[in-house]
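Student: structure24.txt is the file, holding compact mmCIF, C-alpha atoms (C1' of nucleotides):
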# COMPACT_ATOMS: atom_id res chain seq x y z
CA MET M 3 10.73 -66.13 -7.66
CA LEU M 4 10.73 -69.87 -7.93
CA LYS M 5 14.02 -69.25 -9.61
CA LEU M 6 17.40 -70.88 -9.62
CA THR M 7 20.28 -68.67 -8.52
CA LYS M 8 23.08 -67.97 -10.93
CA LYS M 9 25.44 -69.80 -8.64
CA ALA M 10 23.36 -72.92 -9.02
CA ASP M 11 23.43 -72.37 -12.75
CA TYR M 12 27.18 -72.05 -12.70
CA GLY M 13 27.50 -75.16 -10.63
CA LEU M 14 25.43 -77.22 -13.01
CA ILE M 15 27.39 -75.90 -15.96
CA ALA M 16 30.63 -76.81 -14.23
CA LEU M 17 29.43 -80.25 -13.28
CA ARG M 18 28.28 -80.89 -16.79
CA HIS M 19 31.62 -79.71 -18.07
CA LEU M 20 33.49 -82.06 -15.78
CA ALA M 21 31.19 -84.87 -16.79
CA THR M 22 31.77 -84.42 -20.50
CA THR M 23 35.49 -83.75 -20.54
CA SER M 24 37.48 -86.86 -21.00
CA GLU M 25 37.03 -89.27 -18.15
CA GLY M 26 37.80 -87.94 -14.76
CA ARG M 27 40.39 -85.50 -16.02
CA SER M 28 40.49 -82.56 -13.72
CA ALA M 29 39.82 -79.00 -14.78
CA SER M 30 40.76 -75.89 -12.86
CA ALA M 31 38.30 -73.23 -11.89
CA LYS M 32 40.01 -70.96 -14.37
CA ASP M 33 39.55 -73.43 -17.22
CA ILE M 34 35.82 -73.53 -16.64
CA SER M 35 35.62 -69.84 -15.95
CA ASP M 36 37.23 -69.12 -19.30
CA ALA M 37 35.19 -71.63 -21.21
CA TYR M 38 31.85 -70.23 -20.09
CA ARG M 39 32.78 -66.66 -19.20
CA ILE M 40 31.83 -67.06 -15.59
CA PRO M 41 33.47 -64.68 -13.10
CA LEU M 42 36.33 -66.67 -11.64
CA PRO M 43 35.95 -65.78 -7.95
CA ILE M 44 32.31 -66.75 -7.98
CA LEU M 45 32.87 -69.97 -9.78
CA SER M 46 35.66 -70.77 -7.34
CA LYS M 47 33.32 -70.49 -4.41
CA VAL M 48 30.73 -72.60 -6.13
CA LEU M 49 33.26 -75.30 -6.83
CA GLN M 50 34.47 -75.14 -3.27
CA LYS M 51 30.98 -75.76 -2.03
CA LEU M 52 30.56 -78.69 -4.34
CA ALA M 53 33.87 -80.05 -3.11
CA ARG M 54 32.90 -79.62 0.52
CA ALA M 55 29.65 -81.40 -0.21
CA GLY M 56 31.61 -84.31 -1.58
CA LEU M 57 30.47 -84.04 -5.17
CA LEU M 58 33.85 -82.90 -6.39
CA ALA M 59 37.40 -83.83 -5.44
CA SER M 60 39.97 -81.07 -5.54
CA GLU M 61 43.71 -81.10 -6.09
CA GLN M 62 45.82 -78.17 -5.15
CA GLY M 63 48.97 -76.82 -6.70
CA THR M 64 50.08 -76.53 -10.28
CA ASN M 65 47.99 -78.61 -12.63
CA GLY M 66 45.51 -79.07 -9.86
CA GLY M 67 41.82 -78.64 -10.26
CA TYR M 68 38.54 -80.40 -9.77
CA ARG M 69 37.06 -83.68 -10.90
CA LEU M 70 33.87 -85.53 -10.15
CA SER M 71 34.18 -87.63 -7.05
CA ARG M 72 31.65 -90.13 -8.37
CA ARG M 73 30.18 -91.13 -11.66
CA ALA M 74 28.03 -88.49 -13.32
CA GLU M 75 25.11 -90.88 -13.18
CA GLU M 76 25.32 -90.86 -9.41
CA ILE M 77 25.14 -87.11 -8.93
CA THR M 78 21.69 -85.58 -9.00
CA THR M 79 20.82 -82.02 -9.81
CA LEU M 80 19.07 -81.87 -6.47
CA GLU M 81 22.29 -82.63 -4.63
CA ALA M 82 24.15 -80.06 -6.65
CA ILE M 83 21.63 -77.30 -6.13
CA ARG M 84 21.30 -78.00 -2.45
CA SER M 85 25.06 -78.02 -2.00
CA ILE M 86 25.32 -74.60 -3.56
CA ASP M 87 22.22 -72.76 -2.44
CA GLY M 88 21.35 -74.62 0.70
CA PRO M 89 18.07 -76.35 1.36
CA ILE M 90 15.28 -75.79 -1.09
CA ILE M 91 12.39 -74.10 0.62
CA LEU M 92 9.08 -73.70 -1.11
CA THR M 93 7.46 -71.85 1.72
CA ALA M 94 8.73 -70.89 5.14
CA CYS M 95 6.00 -72.99 6.72
CA PHE M 96 7.82 -76.30 6.65
CA THR M 97 10.93 -75.17 8.39
CA ASP M 98 9.88 -72.05 10.24
CA HIS M 99 7.28 -73.32 12.62
CA ALA M 100 7.58 -70.14 14.57
CA GLY M 101 6.65 -68.02 11.59
CA CYS M 102 3.39 -69.82 11.05
CA ASN M 103 0.84 -68.24 13.32
CA GLN M 104 -1.41 -71.16 13.90
CA SER M 105 -1.48 -74.54 12.34
CA GLU M 106 -5.22 -74.51 11.99
CA SER M 107 -5.41 -71.40 9.91
CA CYS M 108 -2.60 -72.36 7.55
CA THR M 109 -4.67 -74.65 5.44
CA VAL M 110 -2.44 -74.80 2.43
CA ARG M 111 0.63 -76.18 4.09
CA GLU M 112 -0.09 -79.79 3.39
CA PRO M 113 -0.97 -79.25 -0.27
CA LEU M 114 2.10 -77.14 -0.76
CA ARG M 115 4.22 -79.73 0.91
CA ARG M 116 3.25 -82.13 -1.81
CA VAL M 117 4.14 -79.65 -4.51
CA HIS M 118 7.43 -79.13 -2.78
CA GLU M 119 8.08 -82.83 -2.64
CA GLY M 120 7.20 -83.14 -6.29
CA ILE M 121 9.83 -80.62 -7.24
CA LEU M 122 12.41 -82.36 -5.10
CA ARG M 123 11.66 -85.65 -6.76
CA LEU M 124 11.84 -84.10 -10.15
CA LEU M 125 15.27 -82.69 -9.41
CA ALA M 126 16.39 -85.89 -7.75
CA SER M 127 15.47 -87.84 -10.84
CA ILE M 128 17.81 -85.92 -13.11
CA SER M 129 21.49 -86.71 -12.91
CA ILE M 130 24.46 -84.79 -14.19
CA ALA M 131 24.87 -87.53 -16.74
CA ASP M 132 21.38 -86.77 -18.00
CA MET M 133 22.33 -83.17 -18.48
CA ALA M 134 25.48 -84.15 -20.28
CA THR M 135 23.86 -86.16 -23.03
CA ASP M 136 23.25 -84.22 -26.17
CA ARG M 137 19.88 -85.72 -26.80
CA PRO M 138 18.33 -86.33 -23.44
CA PRO M 139 15.66 -88.97 -22.95
CA GLN M 140 12.16 -87.90 -23.82
CA ILE M 141 9.90 -87.26 -20.91
CA PRO M 142 6.55 -88.99 -21.19
CA ASP M 143 3.71 -86.58 -20.63
CA GLU M 144 2.08 -88.80 -18.05
CA ILE M 145 4.96 -88.19 -15.72
CA PHE M 146 3.87 -84.70 -14.95
CA GLN M 147 0.26 -85.36 -14.24
CA LEU M 148 -0.26 -85.18 -10.56
CA GLN M 149 -3.80 -86.41 -10.44
CA PRO M 150 -4.83 -89.87 -11.63
CA VAL M 151 -6.78 -88.60 -14.60
CA ARG M 152 -7.62 -85.04 -15.24
CA GLN M 153 -8.62 -83.39 -18.43
CA MET M 154 -8.16 -79.87 -17.28
CA THR M 155 -4.42 -79.51 -17.74
CA PRO M 156 -4.21 -76.34 -19.80
CA ALA M 157 -1.80 -75.73 -22.61
CA LEU M 158 1.54 -74.83 -21.15
CA PRO M 159 2.01 -71.06 -21.10
CA LYS M 160 5.25 -69.40 -22.11
CA ALA M 161 6.46 -68.70 -18.67
CA MET I 11 15.81 -69.73 -3.55
CA LEU I 12 13.37 -71.83 -5.50
CA LYS I 13 10.94 -70.41 -3.05
CA LEU I 14 7.40 -69.15 -3.16
CA THR I 15 6.87 -65.56 -2.08
CA LYS I 16 4.63 -64.84 0.85
CA LYS I 17 2.25 -63.07 -1.46
CA ALA I 18 1.84 -66.24 -3.46
CA ASP I 19 1.26 -68.06 -0.21
CA TYR I 20 -1.36 -65.57 0.83
CA GLY I 21 -3.03 -65.83 -2.54
CA LEU I 22 -3.28 -69.59 -2.34
CA ILE I 23 -4.64 -69.41 1.18
CA ALA I 24 -7.26 -66.90 0.05
CA LEU I 25 -8.23 -68.94 -2.96
CA ARG I 26 -8.56 -72.02 -0.85
CA HIS I 27 -10.66 -70.09 1.62
CA LEU I 28 -13.00 -68.87 -1.10
CA ALA I 29 -13.22 -72.38 -2.47
CA THR I 30 -14.21 -73.91 0.84
CA THR I 31 -16.61 -71.28 2.11
CA SER I 32 -20.14 -71.98 1.16
CA GLU I 33 -20.68 -71.95 -2.55
CA GLY I 34 -19.65 -68.79 -4.28
CA ARG I 35 -20.37 -66.62 -1.29
CA SER I 36 -18.11 -63.66 -1.36
CA ALA I 37 -15.64 -62.80 1.35
CA SER I 38 -14.03 -59.44 1.86
CA ALA I 39 -10.31 -58.93 2.09
CA LYS I 40 -10.79 -58.11 5.74
CA ASP I 41 -12.62 -61.36 6.42
CA ILE I 42 -9.73 -63.35 5.04
CA SER I 43 -7.14 -61.11 6.59
CA ASP I 44 -8.68 -61.68 10.00
CA ALA I 45 -9.12 -65.39 9.56
CA TYR I 46 -5.49 -66.05 8.72
CA ARG I 47 -3.80 -63.05 10.30
CA ILE I 48 -2.50 -61.72 7.04
CA PRO I 49 -1.72 -57.98 6.85
CA LEU I 50 -4.77 -56.47 5.22
CA PRO I 51 -3.11 -54.08 2.74
CA ILE I 52 -0.93 -56.84 1.37
CA LEU I 53 -3.74 -59.29 1.04
CA SER I 54 -5.79 -56.61 -0.69
CA LYS I 55 -3.17 -56.16 -3.36
CA VAL I 56 -2.88 -59.88 -3.84
CA LEU I 57 -6.62 -60.21 -4.24
CA GLN I 58 -6.63 -57.32 -6.67
CA LYS I 59 -4.06 -59.05 -8.80
CA LEU I 60 -6.07 -62.23 -8.78
CA ALA I 61 -9.13 -60.24 -9.77
CA ARG I 62 -7.32 -58.49 -12.58
CA ALA I 63 -6.10 -61.84 -13.79
CA GLY I 64 -9.67 -63.01 -13.96
CA LEU I 65 -9.46 -65.65 -11.25
CA LEU I 66 -11.61 -63.68 -8.85
CA ALA I 67 -14.64 -61.47 -9.32
CA SER I 68 -14.92 -58.47 -7.04
CA GLU I 69 -17.87 -56.53 -5.78
CA GLN I 70 -17.47 -53.11 -4.34
CA GLY I 71 -19.38 -51.36 -1.66
CA THR I 72 -20.91 -52.55 1.54
CA ASN I 73 -21.13 -56.31 1.77
CA GLY I 74 -18.89 -56.49 -1.23
CA GLY I 75 -15.91 -58.78 -1.49
CA TYR I 76 -14.39 -61.43 -3.66
CA ARG I 77 -15.55 -64.75 -5.02
CA LEU I 78 -14.09 -67.25 -7.41
CA SER I 79 -14.91 -66.39 -10.99
CA ARG I 80 -14.84 -70.05 -11.99
CA ARG I 81 -15.11 -73.39 -10.33
CA ALA I 82 -12.23 -74.25 -8.02
CA GLU I 83 -11.49 -77.24 -10.18
CA GLU I 84 -10.74 -74.93 -13.06
CA ILE I 85 -8.21 -72.73 -11.33
CA THR I 86 -4.69 -74.05 -11.19
CA THR I 87 -2.01 -73.16 -8.70
CA LEU I 88 0.16 -72.21 -11.64
CA GLU I 89 -2.30 -69.56 -12.76
CA ALA I 90 -2.59 -68.22 -9.26
CA ILE I 91 1.12 -68.00 -8.67
CA ARG I 92 1.79 -66.44 -12.02
CA SER I 93 -0.95 -63.89 -11.51
CA ILE I 94 0.58 -62.79 -8.26
CA ASP I 95 4.30 -63.06 -8.79
CA GLY I 96 4.55 -62.80 -12.53
CA PRO I 97 6.11 -65.37 -14.80
CA ILE I 98 7.98 -68.21 -13.20
CA ILE I 99 11.59 -68.15 -14.25
CA LEU I 100 13.88 -71.01 -13.48
CA THR I 101 16.92 -69.38 -15.01
CA ALA I 102 17.35 -66.11 -16.79
CA CYS I 103 18.50 -67.97 -19.88
CA PHE I 104 15.07 -68.66 -21.33
CA THR I 105 13.80 -65.13 -21.28
CA ASP I 106 16.94 -63.05 -21.17
CA HIS I 107 18.66 -63.97 -24.37
CA ALA I 108 20.86 -60.96 -24.03
CA GLY I 109 22.22 -62.14 -20.70
CA CYS I 110 23.41 -65.43 -22.08
CA ASN I 111 26.84 -64.86 -23.52
CA GLN I 112 26.86 -67.46 -26.20
CA SER I 113 24.47 -70.20 -26.97
CA GLU I 114 27.23 -72.71 -27.55
CA SER I 115 28.80 -72.36 -24.16
CA CYS I 116 25.56 -72.52 -22.21
CA THR I 117 25.21 -76.24 -22.37
CA VAL I 118 22.72 -76.70 -19.60
CA ARG I 119 19.98 -74.56 -20.96
CA GLU I 120 18.10 -77.33 -22.67
CA PRO I 121 18.21 -79.72 -19.69
CA LEU I 122 17.13 -76.94 -17.38
CA ARG I 123 14.32 -76.02 -19.68
CA ARG I 124 12.91 -79.47 -19.16
CA VAL I 125 13.15 -79.19 -15.42
CA HIS I 126 11.43 -75.87 -15.68
CA GLU I 127 8.68 -77.31 -17.78
CA GLY I 128 8.28 -80.14 -15.33
CA ILE I 129 7.68 -77.74 -12.49
CA LEU I 130 5.16 -75.81 -14.55
CA ARG I 131 3.29 -78.96 -15.35
CA LEU I 132 3.33 -80.00 -11.75
CA LEU I 133 1.81 -76.71 -10.70
CA ALA I 134 -0.63 -76.75 -13.59
CA SER I 135 -1.84 -80.15 -12.53
CA ILE I 136 -2.93 -79.01 -9.08
CA SER I 137 -6.14 -77.04 -8.83
CA ILE I 138 -7.48 -74.95 -6.03
CA ALA I 139 -10.07 -77.66 -5.51
CA ASP I 140 -7.24 -80.10 -4.91
CA MET I 141 -5.85 -77.86 -2.23
CA ALA I 142 -9.25 -77.51 -0.66
CA THR I 143 -9.90 -81.18 -0.08
CA ASP I 144 -8.97 -82.34 3.35
CA ARG I 145 -7.52 -85.60 2.19
CA PRO I 146 -5.95 -84.97 -1.18
CA PRO I 147 -5.50 -87.74 -3.70
CA GLN I 148 -2.42 -89.85 -3.24
CA ILE I 149 0.38 -89.23 -5.65
CA PRO I 150 1.74 -92.38 -7.22
CA ASP I 151 5.49 -92.57 -6.92
CA GLU I 152 5.96 -93.30 -10.57
CA ILE I 153 4.72 -89.87 -11.45
CA PHE I 154 7.87 -88.22 -10.34
CA GLN I 155 10.37 -90.41 -12.07
CA LEU I 156 11.75 -88.51 -14.97
CA GLN I 157 13.66 -91.29 -16.62
CA PRO I 158 11.94 -94.40 -17.94
CA VAL I 159 13.49 -96.64 -15.33
CA ARG I 160 16.19 -95.61 -12.99
CA GLN I 161 17.24 -97.16 -9.74
CA MET I 162 19.29 -94.31 -8.51
CA THR I 163 16.59 -92.10 -7.06
CA PRO I 164 17.89 -91.48 -3.57
CA ALA I 165 15.80 -91.29 -0.48
CA LEU I 166 14.23 -87.89 -0.30
CA PRO I 167 16.22 -85.58 1.93
CA LYS I 168 14.59 -83.30 4.42
CA ALA I 169 14.92 -80.17 2.43
C1' DT K 26 -28.05 -37.62 1.24
C1' DC K 27 -24.82 -38.99 4.31
C1' DT K 28 -21.93 -42.51 6.11
C1' DA K 29 -19.82 -46.88 6.87
C1' DT K 30 -17.91 -50.46 4.21
C1' DC K 31 -15.18 -52.26 0.36
C1' DT K 32 -12.36 -52.38 -3.63
C1' DA K 33 -8.47 -50.00 -6.45
C1' DG K 34 -4.03 -48.56 -6.60
C1' DG K 35 0.10 -45.41 -6.23
C1' DA K 36 4.27 -44.03 -3.30
C1' DC K 37 7.46 -45.05 -0.02
C1' DT K 38 10.55 -47.52 3.51
C1' DG K 39 13.21 -51.09 5.66
C1' DA K 40 15.06 -55.63 5.53
C1' DA K 41 16.96 -59.46 3.24
C1' DA K 42 19.01 -61.95 -0.37
C1' DG K 43 21.77 -62.21 -4.85
C1' DA K 44 25.72 -61.18 -7.43
C1' DG K 45 30.09 -59.80 -7.63
C1' DT K 46 34.76 -57.71 -6.15
C1' DC K 47 38.84 -57.65 -3.28
C1' DC K 48 42.22 -59.47 -0.43
C1' DT K 49 44.92 -62.99 2.21
C1' DG K 50 46.51 -67.62 3.07
C1' DA K 51 48.06 -72.24 2.21
C1' DA K 52 49.23 -76.41 -0.69
C1' DT K 53 51.84 -78.25 -4.56
C1' DC K 54 54.50 -78.84 -8.72
C1' DG K 55 58.60 -77.72 -11.35
C1' DC W 7 61.95 -70.10 -4.80
C1' DG W 8 57.83 -68.91 -7.73
C1' DA W 9 53.98 -69.76 -10.55
C1' DT W 10 49.74 -72.04 -10.12
C1' DT W 11 45.64 -73.39 -7.87
C1' DC W 12 42.46 -74.25 -4.08
C1' DA W 13 40.35 -72.12 0.43
C1' DG W 14 37.79 -68.72 2.40
C1' DG W 15 36.67 -64.29 4.86
C1' DA W 16 35.03 -59.33 4.35
C1' DC W 17 32.82 -56.04 1.91
C1' DT W 18 29.82 -53.44 -1.60
C1' DC W 19 26.12 -52.87 -4.81
C1' DT W 20 21.78 -53.93 -6.54
C1' DT W 21 17.42 -55.99 -6.66
C1' DT W 22 13.60 -58.01 -4.71
C1' DC W 23 10.38 -58.87 -0.69
C1' DA W 24 7.52 -57.43 2.72
C1' DG W 25 5.05 -54.19 4.67
C1' DT W 26 3.09 -49.41 5.76
C1' DC W 27 0.66 -45.24 4.50
C1' DC W 28 -2.33 -42.52 2.02
C1' DT W 29 -5.95 -41.30 -1.39
C1' DA W 30 -9.68 -42.19 -4.56
C1' DG W 31 -14.09 -44.47 -6.21
C1' DA W 32 -18.16 -47.58 -5.78
C1' DT W 33 -22.18 -49.15 -3.18
C1' DA W 34 -25.64 -50.45 0.29
C1' DG W 35 -28.35 -48.96 3.92
C1' DA W 36 -30.04 -45.65 7.50
Could you write out this file's structure as structure tokens?

Tutor:
Amino acid sequence: MLKLTKKADYGLIALRHLATTSEGRSASAKDISDAYRIPLPILSKVLQKLARAGLLASEQGTNGGYRLSRRAEEITTLEAIRSIDGPIILTACFTDHAGCNQSESCTVREPLRRVHEGILRLLASISIADMATDRPPQIPDEIFQLQPVRQMTPALPKA
Amino acid sequence: MLKLTKKADYGLIALRHLATTSEGRSASAKDISDAYRIPLPILSKVLQKLARAGLLASEQGTNGGYRLSRRAEEITTLEAIRSIDGPIILTACFTDHAGCNQSESCTVREPLRRVHEGILRLLASISIADMATDRPPQIPDEIFQLQPVRQMTPALPKA
DNA sequence: TCTATCTAGGACTGAAAGAGTCCTGAATCG
DNA sequence: CGATTCAGGACTCTTTCAGTCCTAGATAGA
């Protein structure tokens, strides 16, 4: 849980591929499928979703394929993931108001909402271009501290 | 996807409950189950996991129940979630080295690892005490910007 | 000592979501 | 025309979630 689907993985790989290959050149689903050993039918569907979402432009016919519809800097990982997997839902509470028995008893909704928002912002802050650079920018530690100052942050566990 | 399980939800609700009820008093699984309308057997298992993980102390017998084994400030949501659902896995790549065909082709692993780490830090930075306060501390916007400066962060979408 | 109350935990079932295959159709280039 | 490539529906298989059921120990109090 709290896991990316493989389709989202595939989509990010494909987007990164399209961002690194020479300048807006298009690549077919098969090209990418071969390069990364991704099952072609699945990758096709993923690319179709990205195209429908407007992140990719497609060209049919021989020598057709996909290319980024905007600059890699202007495509966020959040957009990509949401295009492929649908809305990101941390808990059912936010969307499913019916499922939540009573608003009074569900005391963690608001705190969780902030966690949820934090994840969204994190994903929104990373572009495909960021993923494409070999040596990505360092992330200052302070960025991840949610509270103003807090000494308790434990050493990061393995998983 | 990228979703918390209900069990994790239940666990956080229970932890918050134990943190807010008067000072280390213990509550039974049934108490909590009734208060939030959570199926008792499920909540029991969740509480057992939290106890085994050392976040809760349990007392058996009549008038037994659970209480926090440390201060609420010293229990992070990350610990809680990991105790209940097991390790948080963003993609299979990190753990399942066998599943990844070839390290060269999987070009997004390193970028994703950073996203993953960011989520872990976010969760590690929020304690049960933070969830228990009625008006939680404001989160400065800057905290969520991954890149040093970057104007592209789009308005946060609904989901 | 007996009983009600709690925790501890295994076994099982049904529903939902993920991952992947298969098949058909339509556009386009040569 | 015919190879190539996108578009997309239908279906299967597997895993995971969510939840129920049942049994076994510990403990406080009558």

Student: Would you work out the distance separating C1' of DG55 in chain K from C1' of DA9 in chain W, expressed in Å to one decimal?

Tutor: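 C1' of DG55 in chain K sits 9.2 Å away from C1' of DA9 in chain W.
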
Student: Within 12 Å of DG35 in chain K, counting only C-alpha atoms (C1' of nucleotides), which residues qualify if same-chain residues fewer than 5 places away don't, as an MDAnalysis selection string?

Tutor: (chainID I and resid 55) or (chainID W and resid 27:30)

Student: Residues as selected, C-alpha atoms (C1' of nucleotides), written as a short mmCIF file (atom, residue, chain, number, x, y, z; two decimals), in the coordinates of the input, can you do that?

Tutor:
data_model
loop_
_atom_site.label_atom_id
_atom_site.label_comp_id
_atom_site.auth_asym_id
_atom_site.auth_seq_id
_atom_site.Cartn_x
_atom_site.Cartn_y
_atom_site.Cartn_z
CA LYS I 55 -3.17 -56.16 -3.36
"C1'" DC W 27 0.66 -45.24 4.50
"C1'" DC W 28 -2.33 -42.52 2.02
"C1'" DT W 29 -5.95 -41.30 -1.39
"C1'" DA W 30 -9.68 -42.19 -4.56
#

Student: Taking only C-alpha atoms (C1' of nucleotides) into account, what are the residues of chain M at most 7 Å from chain W, put as a ChimeraX atom specification?

Tutor: /M:62-64,66-67

Student: Mind listing as a PyMOL selection string which residues of chain K are within 12 Å of chain M, counting only C-alpha atoms (C1' of nucleotides)?

Tutor: chain K and resi 42-48+51-55

Student: When you look at range 48-55 of chain M with a cut-off of 12 Å (counting all atoms listed in the file), what residues show up, excluding the ones that are within fewer than 5 positions of it in the same chain? I need them as a ChimeraX atom specification.

Tutor: /M:7-17,20,29-32,34-35,40-43,60-62,67-72,77,79,81-88 /W:12-14

Student: Would you mind telling me which residue in M:Arg116, M:Leu4, M:Asp33, M:Gly56 lies nearest to chain I when using all atoms listed in the file?

Tutor: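 Nearest to chain I: M:Leu4.
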
Student: What is the CA of Glu83 in chain I to CA of Ala45 in chain I distance in Å?

Tutor: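 Atom-to-atom, CA of Glu83 in chain I to CA of Ala45 in chain I, that is 23.1 Å.
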
Student: What are the centre and edge lengths in Å, to one decimal, of the axis-aligned box around all listed atoms of range 40-45 of chain M with 3 Å added on each side, as AutoDock Vina command-line options?

Tutor:
--center_x 34.1 --center_y -67.3 --center_z -11.8 --size_x 10.5 --size_y 11.3 --size_z 13.6

Student: Go through I:Leu122, I:Leu66, I:Ala29, I:Leu100 one by one, measure the shortest atom-to-atom distance of each to chain M using all atoms listed in the file, and give the residue with the smallest value.

Tutor: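 Going through I:Leu122, I:Leu66, I:Ala29, I:Leu100 one by one, the smallest distance to chain M is for I:Leu100.
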
Student: So how many Å separate CA of Thr101 in chain I and CA of His126 in chain I, to one decimal?

Tutor: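 Atom-to-atom, CA of Thr101 in chain I to CA of His126 in chain I, that is 8.5 Å.
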